[in-house]
Amino acid sequence: MKRLALCLALLSPLLHAAPLSKEHKILFFGRDDRVLEKPDRMPWQTVGQLETRSRTICTGTLVAPDVVLTAGHCFVDEKGRFDPAVSFTVGLWGDEYTARSRIKEVQVDKAFLKGLIRKRDGLYIPPRIAPRDFAFVRLATPLGNSQGTVPVFSGDAKALKTLLAGSQWTVTQGGYPVDDQRHLRAHHGCKATALREDGRLTHRCDTLEGNSGSPIFAIDAKGQATIVAVQSSAPPASRRKLEDNMSVSAPMFEQALRAFIAKSAKPAKK
């Protein structure tokens, strides 16, 4: 059997803050390069915190007025049951936030859900379905009308490689990690290391639990951000020197996302 990837490690229960363990520190690439990023400007004002019914926390990004992009495993509990999202909050900073919406709909890739493997020590995501670890969330309130939205890269894998090569494979990641769930932390100028044939993008951005579903941005010379991938998993601390972090690249989900956004734009039947 192929080695399984435990991707649920980047889920986080609602703790608000937790001290960094020795294992957490090992997951950073030599040192913690994250910085606090107040979510009051683009693209950070579009990045928010998703909470599920079981009070699990993930990160997501507004990509349409009423649509949030995130990771698929955010909505599956350790027993393999669907764990629906209940809210999405933007502008979270300490005890304050800009806006919050309840959730109308969550779409997770069917092949991803079907392929999950439940074992005694948790839920595992085999490599064959790991590139399907993405999800789309429809909001009851279109927060993107006030907060703005971030575009998703719309080219194929070859075009994405060209884009990344143009910036020397430098990207930016940000989200709400387990050690500080009340503040957004970003890693600017981290390195994407490879675009795998299966559509996953490896990188060396500093992520912890709670960063699942967070955006991997390519930022151009004018400061404009484009989502090129969604954070999926990190290896256990024991394998940090052997493996980089893993995200799902935009070519794997962009068309499905476009269809999901278009569905929300259709007027309701009378």
# chains A, B, ... in the order shown; residues from 1 in each chain; ligands from 1
call {"tool": "select_by_dssp", "arguments": {"residues": "stretch 88-178 of chain A", "states": "helix (DSSP H, G or I)", "output": "ChimeraX atom specification"}}
result
/A:110-115,130-132,144-147,157-166
call {"tool": "residues_around", "arguments": {"residues": "A:His203", "least_positions_apart": "6", "cutoff": "10 Å", "atoms": "only C-alpha atoms", "output": "list of chain:residue names"}}
result
A:Trp169, A:Thr170, A:Val171, A:Gln173, A:Cys190, A:Lys191, A:Ala192, A:Thr193, A:Ala194, A:Leu195, A:Ile216, A:Gln231, A:Ala234, A:Glu243, A:Asp244, A:Asn245, A:Met246, A:Ser247
call {"tool": "closest_residue", "arguments": {"among": "A:Leu116, A:Leu164, A:Ile129, A:Leu184", "to": "A:Ala229", "atoms": "only C-alpha atoms"}}
result
A:Leu164
call {"tool": "closest_residue", "arguments": {"among": "A:Asp220, A:Asp66, A:Glu51, A:Asp95", "to": "A:Arg182", "atoms": "only C-alpha atoms"}}
result
A:Asp95
call {"tool": "residues_around", "arguments": {"residues": "A:Phe28", "least_positions_apart": "5", "cutoff": "9 Å", "atoms": "only C-alpha atoms", "output": "ChimeraX atom specification"}}
result
/A:33,204-208,240
